[in-house]
Structure formats: structure tokens, C-alpha cells
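J.: Here it is, the structure, as C-alpha cells.
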Amino acid sequence: MYSLAIYLYALGAKLFALRNRKARLLVRGQRETWKILRERIDSRSHYIWFHAASLGEFEQGRPLIERLRREQPDKKILLTFFSPSGYEVRKNYECADIVCYLPFDTPGNARRFVRLARIEKAFLIKYEFWCNYIDMLHKKGIPVYSISSIFRTDQIFFRPYGRNYARCLRRITHFFVQNEISARLLNHLGIESTTVAGDTRFDRVLDIMHAARPLPEVERFASDGAVIVAGSTWAPDEDLLIAYFNAHPGLKLILAPHVVSERHVEEIEGKLTRRAVRYSSIGSADIAQADCLIIDCYGLLSSIYRYATAAYVGGGFGAGLHNVPEAAVYGCPVLVGPNNRKFREARALIDCGGCFEIRSQADVDATLDRLLSDPAALRAAGTAAAGYIRANAGATGLIYDRTLRP
């Protein structure tokens, strides 16, 4: 039944590709995989294979990939993605020898891929459990590791109708899970090869912080007074933050929307009653006269959070939060919207006092008024946020020592 479902899924993707660009990239990219493997695999070497569904999972695997590259530069690294949103962004990733799509998990594709890729060890990141690939690796005696994985009772493996699917989990050599609940759930399936290692994302945000780009113009903008950095925001987030900002003349705001388009930036500008400047116009504008800096480009947010007196991470009034640890690592308190229940780091940061849930304009006003008027409260919240990140770092080293160290 599993393989039949995959065949139907692949057929559906091919039909959908006729009118959908993302599906078209996926189907074309998977076809290209076979050519990439035939032409670029070194027949004299074996490869450490890392597989990520998309960009978020790649960021979880990235600290381990980069440590392997740094400490064992002669090792060959193969990186695969399933989603175009991961592959199209990281297809030229310099730490991997080969980057390509992972073809649909049919028995034939799994046999062909494992034969061509000359895999020494495989690392599947977070939720990636493709049964035919796992079965083929198991038959070939190739170790398979699941890293930063997390399990919940509502997943198919723990349902009566998912028992056959759960069998593939027993073929994984070792699980490095994020929490004790995941380890216990696996134990209920008879799987004891587990280690509670935590989430490699904590190591990643520390790496990002240490490698943060210097941004002299942003530093000049943020050099005097309190600054709120609002990152990955959507319209409901922006409505709340802008209302507070408009009412507080001594406050500065750096706003980095999740969607950067001319229309959306114009909508933001229309809500502001104080002077704003776009990052793309800094060269021709007097940034010293501006109160709000709109980041109308991508790739800067992780470096900008360092300038925050307090931060706001968007998405909590919609489908879900964006990257809360990316802000918390700088030791500033973080505000988030109410849709945060499935985001373990946000919940833990709320519990330890480094993050604050807001549901209304009144919540925003009260929380920011308290933090910005009480230096001791601001400092305590920031210390709690940074302390949580550092206390939970170290998963990368543990996994490396157990699986890759010579």
C-alpha cells in the first residue's frame, strides 16, 4: 500500500506540474538527479548522504555538515532535497560535493539511487522517513541515522493503521531525537536505539550569531534609543507593532516583513505616521532622520536582530511562528503571537521568561511598556532568552562524536 501511494503521489505531481511552477521544478529536478549522479559521483569514493525535505530541515543538518567538512575535508558529501524551496536556494551549497533532488520513494528509484550514490552513511533530518530508501539502505548494510527528529502521538506511526509504516523506523540504526517524549514514543514501538540529543538548530543559531554580517548603516540607525526589531512579519503582526510604534515617538522600529514586494512595502508605509526609510534607499536617504527602517530585501534578518532592544517574531497570528531562536540568541526578549503551541522552543522560552505571548493590542502595549520602562526586567528577560539557547546547544557535537568521528 505504501509504494502504491507513492506511485499515485508521483503521478499527481506530474499532472500538477502542467500548471504549477513548484511542481514542475520538482518533477524536472528529480529527472535531472540521475544525470547528476552518473556524471558527478566519484567511483573511487563513498559519500556521506544528508537528506532534508526543505530549507528548514537543511538548517538543522547544516551544523553537522559543516563540522564534517571542517574536520574531515576529504570526506565526500551528498546533499538531497525533496522540496524546490530547499533545493533552489541551496543547489550551490559550497560544503556539499553534490546537491540534487531525491526522487520519489518508489522501490525502483530507491535501488537505483543507492546503487549510483555509493553511500557510506545516511543522515535523515527531522521528519524524513522514506520506507523504500530506508529498506534499501538496510539491505545494503549502510548505517542510517535520524537527527533532530521529533515524534508526537498523533503521527501515523502511533496509530493502529500505521503499524506497517512504523516498521521502517526499526531499520534506522539510531535516532538522535529532540526530547524525552520522542524517545518514549519510539520505545513503545520497541525501538531502543535512541539518544535525546536536542535540536541542532540551537547550534546553528549560535553559528549564525558568530558569523553575523557587519551592517554599518543599520548600526547607525539603531545607535540611539530603544529599537524594536520585528522579523518575518505578516500584516496582523505589523498592525500591532506599527500601532505601538506610532504612539511612542522615542522608539525606533526595524521591520523585516516575511513577504518583500512593492505592494506589501507600500502597505506598510501607508500604516506608518512617522518617517520611514527603506533599506534599499539608505544610500540616498538621510537615515538619521528616520524612525522606522523597512528591510525590503532578504538575507539580513539574522544579523539585524543583534540591534534589538526587544524583538518580535512574526507568524504567530497565522500558520505558525518563524525562527524564534534566531532572535533569542542575541539576548533580547522576544514577543510572539498566540499560534505557538507546536513550537517547542517558543513554549520553552515563554516558560523561562525570555519570550512573551501576545494576543491583542493591549498585550503588546502592556508588555513593551513594562520591558522598555524597567531596565531590570528587560535585562532579566534577555538573559533568560540567551541562557536557554546556550543551555540547549551541543547536539551537533554529540551526533558527530557518535557517528562521524574517525
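We label chains A, B, ... in the order they appear in the C-alpha cells, count residues from 1 in each chain, and number ligands from 1 in the order shown.
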Extract, using only C-alpha atoms, all DNA, RNA and protein residues at most 6 Å from Gly382 (chain A), discarding same-chain residues fewer than 2 positions from it, and format them as a PyMOL selection string.
T.: chain A and resi 331-333+354+379-380+384-385
J.: May I have all residues of region 93-306 of chain A that DSSP, computed from the backbone, assigns to alpha helix (DSSP H), given as a PyMOL selection string?
T.: chain A and resi 107-117+131-139+163-166+180-188+201-210+216-221+235-246+262-271+301-304
J.: What lies within 6 Å of region 90-106 of chain A using only C-alpha atoms, ignoring chain neighbours under 3 positions off, as a PDB file with C-alpha atoms, in the first residue's frame?
T.:
ATOM      1  CA  SER A   3       4.521   2.040  -2.559  1.00  0.00           C
ATOM      2  CA  GLY A  29      14.710  18.279 -10.858  1.00  0.00           C
ATOM      3  CA  GLN A  30      14.108  14.648  -9.990  1.00  0.00           C
ATOM      4  CA  THR A  33      19.119  13.692 -10.439  1.00  0.00           C
ATOM      5  CA  ILE A  77      29.186  14.830   0.954  1.00  0.00           C
ATOM      6  CA  LEU A  78      25.942  14.274  -0.945  1.00  0.00           C
ATOM      7  CA  LEU A  79      23.017  16.558  -0.061  1.00  0.00           C
ATOM      8  CA  THR A  80      19.486  15.949  -1.321  1.00  0.00           C
ATOM      9  CA  PHE A  81      16.239  17.875  -1.029  1.00  0.00           C
ATOM     10  CA  PHE A  82      12.673  16.919  -1.721  1.00  0.00           C
ATOM     11  CA  TYR A  87      16.948  22.849  -3.496  1.00  0.00           C
ATOM     12  CA  ASN A 109      14.130   4.674  -7.542  1.00  0.00           C
ATOM     13  CA  ASN A 132      11.846   2.149   0.364  1.00  0.00           C
TER      14      ASN A 132
END
J.: From a DSSP pass on the backbone, collect the residues of region 63-126 of chain A flagged as strand (DSSP E or B) and hand them back as a PyMOL selection string.
T.: chain A and resi 76-81+98-101+119-125
J.: Taking only C-alpha atoms into account, which of A:Cys131, A:Ala346, A:Ala222, A:Ala212 comes nearest Gly299 (chain A)?
T.: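 For Gly299 (chain A), the nearest of the given residues is A:Ala212.
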J.: Find the distance between CA of Gly316 (chain A) and CA of Arg347 (chain A) and write it in Å to one decimal.
T.: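 That distance, rounded to one decimal, is 12.2 Å.
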J.: Please report the interatomic distance between CA of Leu272 (chain A) and CA of Ile287 (chain A) in Å with one decimal.
T.: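 Between CA of Leu272 (chain A) and CA of Ile287 (chain A) the gap works out to 16.1 Å.
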J.: Could you give me, as a PyMOL selection string, the residues within 10 Å of Ala166 (chain A), counting only C-alpha atoms and dropping anything in the same chain fewer than 6 positions from it?
T.: chain A and resi 129+131+156-159+186+189
J.: Gly190 (chain A): which residues within 12 Å, counting only C-alpha atoms, same-chain residues fewer than 5 positions away excluded, as a list of chain:residue names?
T.: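 My list of contacting residues is A:Phe158, A:Arg163, A:Ala166, A:Arg167, A:Leu169, A:Arg170, A:Arg171, A:Ala183, A:Arg184, A:Leu185.
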J.: Convert the current residue selection to file output with all heavy atoms, as a compact mmCIF listing (two decimals), in the first residue's frame.
T.:
# COMPACT_ATOMS: atom_id res chain seq x y z
N PHE A 158 2.07 5.89 15.27
CA PHE A 158 1.50 5.50 16.56
C PHE A 158 -0.01 5.27 16.48
O PHE A 158 -0.67 5.13 17.50
CB PHE A 158 1.84 6.58 17.60
CG PHE A 158 3.30 6.94 17.60
CD1 PHE A 158 3.73 8.15 17.05
CD2 PHE A 158 4.25 6.04 18.07
CE1 PHE A 158 5.07 8.47 17.01
CE2 PHE A 158 5.60 6.36 18.02
CZ PHE A 158 6.01 7.58 17.50
N ARG A 163 0.86 0.85 11.64
CA ARG A 163 1.86 -0.09 12.14
C ARG A 163 2.81 -0.56 11.05
O ARG A 163 4.01 -0.75 11.29
CB ARG A 163 1.17 -1.28 12.81
CG ARG A 163 0.51 -0.90 14.14
CD ARG A 163 -0.32 -2.03 14.71
NE ARG A 163 -0.97 -1.60 15.95
CZ ARG A 163 -1.94 -2.30 16.53
NH1 ARG A 163 -2.38 -3.44 15.99
NH2 ARG A 163 -2.49 -1.86 17.66
N ALA A 166 5.32 2.02 10.51
CA ALA A 166 6.27 2.10 11.64
C ALA A 166 7.40 1.10 11.52
O ALA A 166 8.46 1.29 12.13
CB ALA A 166 5.53 1.90 12.95
N ARG A 167 7.21 0.05 10.74
CA ARG A 167 8.26 -0.96 10.61
C ARG A 167 9.55 -0.38 10.04
O ARG A 167 10.65 -0.82 10.38
CB ARG A 167 7.79 -2.10 9.71
CG ARG A 167 6.73 -2.98 10.36
CD ARG A 167 6.21 -4.03 9.39
NE ARG A 167 5.13 -4.80 9.99
CZ ARG A 167 4.35 -5.64 9.31
NH1 ARG A 167 4.55 -5.79 7.99
NH2 ARG A 167 3.39 -6.29 9.91
N LEU A 169 10.85 2.36 10.72
CA LEU A 169 11.62 3.01 11.77
C LEU A 169 12.58 2.04 12.45
O LEU A 169 13.65 2.44 12.90
CB LEU A 169 10.68 3.62 12.81
CG LEU A 169 9.69 4.69 12.33
CD1 LEU A 169 8.90 5.23 13.52
CD2 LEU A 169 10.42 5.83 11.63
N ARG A 170 12.19 0.78 12.50
CA ARG A 170 13.04 -0.21 13.16
C ARG A 170 14.31 -0.52 12.37
O ARG A 170 15.23 -1.15 12.89
CB ARG A 170 12.25 -1.49 13.40
CG ARG A 170 11.03 -1.28 14.32
CD ARG A 170 10.37 -2.60 14.69
NE ARG A 170 9.24 -2.37 15.56
CZ ARG A 170 7.98 -2.26 15.15
NH1 ARG A 170 7.69 -2.37 13.85
NH2 ARG A 170 7.00 -2.05 16.00
N ARG A 171 14.36 -0.08 11.12
CA ARG A 171 15.54 -0.31 10.29
C ARG A 171 16.54 0.86 10.38
O ARG A 171 17.59 0.81 9.75
CB ARG A 171 15.12 -0.54 8.84
CG ARG A 171 14.33 -1.84 8.67
CD ARG A 171 13.98 -2.09 7.20
NE ARG A 171 13.45 -3.43 7.02
CZ ARG A 171 12.18 -3.78 7.15
NH1 ARG A 171 11.29 -2.84 7.47
NH2 ARG A 171 11.78 -5.01 6.98
N ALA A 183 11.64 9.93 22.57
CA ALA A 183 12.32 8.68 22.92
C ALA A 183 11.33 7.67 23.51
O ALA A 183 11.37 6.47 23.17
CB ALA A 183 13.45 8.96 23.91
N ARG A 184 10.42 8.14 24.34
CA ARG A 184 9.44 7.23 24.95
C ARG A 184 8.49 6.67 23.90
O ARG A 184 8.14 5.48 23.93
CB ARG A 184 8.66 7.95 26.04
CG ARG A 184 9.46 8.19 27.31
CD ARG A 184 8.56 8.50 28.49
NE ARG A 184 7.83 9.74 28.32
CZ ARG A 184 8.28 10.93 28.70
NH1 ARG A 184 9.47 11.03 29.30
NH2 ARG A 184 7.55 12.01 28.52
N LEU A 185 8.06 7.51 22.96
CA LEU A 185 7.17 7.02 21.90
C LEU A 185 7.85 5.94 21.06
O LEU A 185 7.23 4.93 20.70
CB LEU A 185 6.72 8.18 21.02
CG LEU A 185 5.70 9.14 21.64
CD1 LEU A 185 5.52 10.38 20.78
CD2 LEU A 185 4.36 8.43 21.83
J.: List the spatial neighbours of Cys355 (chain A) as a ChimeraX atom specification - criterion: any atom at most 10 Å away, only C-alpha atoms, same-chain residues fewer than 2 positions off excluded.
T.: /A:310-312,324,328,332-336,345-353,357-358,381-382,384-385
J.: Kindly save the residues from that selection, with N, CA and C atoms included, as a PDB file, in the first residue's frame.
T.:
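Everything below was put into out-v9.pdb:
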ATOM      1  N   ALA A 310      14.310  44.876  22.038  1.00  0.00           N
ATOM      2  CA  ALA A 310      13.372  43.761  22.136  1.00  0.00           C
ATOM      3  C   ALA A 310      13.017  43.347  20.716  1.00  0.00           C
ATOM      4  N   ALA A 311      12.650  42.092  20.536  1.00  0.00           N
ATOM      5  CA  ALA A 311      12.350  41.580  19.201  1.00  0.00           C
ATOM      6  C   ALA A 311      10.928  41.049  19.133  1.00  0.00           C
ATOM      7  N   TYR A 312      10.405  41.049  17.925  1.00  0.00           N
ATOM      8  CA  TYR A 312       9.107  40.432  17.661  1.00  0.00           C
ATOM      9  C   TYR A 312       9.304  39.485  16.482  1.00  0.00           C
ATOM     10  N   VAL A 324      12.182  31.702  16.163  1.00  0.00           N
ATOM     11  CA  VAL A 324      12.316  32.423  17.429  1.00  0.00           C
ATOM     12  C   VAL A 324      13.751  32.361  17.978  1.00  0.00           C
ATOM     13  N   ALA A 328      16.336  35.176  19.851  1.00  0.00           N
ATOM     14  CA  ALA A 328      16.645  34.980  21.277  1.00  0.00           C
ATOM     15  C   ALA A 328      18.135  34.824  21.532  1.00  0.00           C
ATOM     16  N   CYS A 332      17.952  39.162  23.735  1.00  0.00           N
ATOM     17  CA  CYS A 332      16.890  40.164  23.845  1.00  0.00           C
ATOM     18  C   CYS A 332      15.563  39.447  24.074  1.00  0.00           C
ATOM     19  N   PRO A 333      14.646  40.055  24.826  1.00  0.00           N
ATOM     20  CA  PRO A 333      13.329  39.434  24.978  1.00  0.00           C
ATOM     21  C   PRO A 333      12.609  39.391  23.642  1.00  0.00           C
ATOM     22  N   VAL A 334      11.767  38.367  23.462  1.00  0.00           N
ATOM     23  CA  VAL A 334      11.085  38.146  22.186  1.00  0.00           C
ATOM     24  C   VAL A 334       9.578  38.101  22.420  1.00  0.00           C
ATOM     25  N   LEU A 335       8.834  38.770  21.556  1.00  0.00           N
ATOM     26  CA  LEU A 335       7.372  38.704  21.579  1.00  0.00           C
ATOM     27  C   LEU A 335       6.902  37.846  20.409  1.00  0.00           C
ATOM     28  N   VAL A 336       5.851  37.049  20.647  1.00  0.00           N
ATOM     29  CA  VAL A 336       5.298  36.185  19.600  1.00  0.00           C
ATOM     30  C   VAL A 336       3.781  36.176  19.702  1.00  0.00           C
ATOM     31  N   GLU A 345      10.539  25.470  21.050  1.00  0.00           N
ATOM     32  CA  GLU A 345      11.461  26.487  21.545  1.00  0.00           C
ATOM     33  C   GLU A 345      10.710  27.707  22.061  1.00  0.00           C
ATOM     34  N   ALA A 346       9.661  28.114  21.347  1.00  0.00           N
ATOM     35  CA  ALA A 346       8.886  29.271  21.794  1.00  0.00           C
ATOM     36  C   ALA A 346       8.224  28.991  23.132  1.00  0.00           C
ATOM     37  N   ARG A 347       7.646  27.797  23.282  1.00  0.00           N
ATOM     38  CA  ARG A 347       6.987  27.459  24.546  1.00  0.00           C
ATOM     39  C   ARG A 347       7.995  27.434  25.691  1.00  0.00           C
ATOM     40  N   ALA A 348       9.168  26.864  25.434  1.00  0.00           N
ATOM     41  CA  ALA A 348      10.184  26.798  26.486  1.00  0.00           C
ATOM     42  C   ALA A 348      10.692  28.195  26.845  1.00  0.00           C
ATOM     43  N   LEU A 349      10.841  29.049  25.847  1.00  0.00           N
ATOM     44  CA  LEU A 349      11.285  30.415  26.108  1.00  0.00           C
ATOM     45  C   LEU A 349      10.228  31.205  26.887  1.00  0.00           C
ATOM     46  N   ILE A 350       8.969  30.965  26.592  1.00  0.00           N
ATOM     47  CA  ILE A 350       7.896  31.589  27.372  1.00  0.00           C
ATOM     48  C   ILE A 350       7.963  31.127  28.823  1.00  0.00           C
ATOM     49  N   ASP A 351       8.159  29.818  29.006  1.00  0.00           N
ATOM     50  CA  ASP A 351       8.209  29.267  30.364  1.00  0.00           C
ATOM     51  C   ASP A 351       9.372  29.824  31.180  1.00  0.00           C
ATOM     52  N   CYS A 352      10.498  30.097  30.513  1.00  0.00           N
ATOM     53  CA  CYS A 352      11.672  30.570  31.253  1.00  0.00           C
ATOM     54  C   CYS A 352      11.735  32.091  31.359  1.00  0.00           C
ATOM     55  N   GLY A 353      10.790  32.789  30.763  1.00  0.00           N
ATOM     56  CA  GLY A 353      10.728  34.227  30.904  1.00  0.00           C
ATOM     57  C   GLY A 353      11.477  35.008  29.845  1.00  0.00           C
ATOM     58  N   GLU A 357       3.991  35.866  25.031  1.00  0.00           N
ATOM     59  CA  GLU A 357       2.896  35.667  24.081  1.00  0.00           C
ATOM     60  C   GLU A 357       1.975  36.879  24.114  1.00  0.00           C
ATOM     61  N   ILE A 358       1.650  37.378  22.944  1.00  0.00           N
ATOM     62  CA  ILE A 358       0.704  38.492  22.863  1.00  0.00           C
ATOM     63  C   ILE A 358      -0.472  38.087  21.971  1.00  0.00           C
ATOM     64  N   ALA A 381      14.841  39.308  31.157  1.00  0.00           N
ATOM     65  CA  ALA A 381      14.231  38.572  30.041  1.00  0.00           C
ATOM     66  C   ALA A 381      15.262  38.235  28.982  1.00  0.00           C
ATOM     67  N   GLY A 382      16.138  39.194  28.665  1.00  0.00           N
ATOM     68  CA  GLY A 382      17.176  38.928  27.675  1.00  0.00           C
ATOM     69  C   GLY A 382      18.153  37.865  28.132  1.00  0.00           C
ATOM     70  N   ALA A 384      17.489  35.434  30.191  1.00  0.00           N
ATOM     71  CA  ALA A 384      16.778  34.155  30.135  1.00  0.00           C
ATOM     72  C   ALA A 384      16.744  33.610  28.713  1.00  0.00           C
ATOM     73  N   ALA A 385      16.514  34.498  27.731  1.00  0.00           N
ATOM     74  CA  ALA A 385      16.449  34.067  26.332  1.00  0.00           C
ATOM     75  C   ALA A 385      17.786  33.499  25.872  1.00  0.00           C
TER      76      ALA A 385
END
J.: So, counting only C-alpha atoms, which residue among A:Asn246, A:Ser232, A:Ser373, A:Thr403 is closest to Ile304 (chain A)?
T.: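 Of A:Asn246, A:Ser232, A:Ser373, A:Thr403, the one nearest Ile304 (chain A), counting only C-alpha atoms, is A:Ser232.
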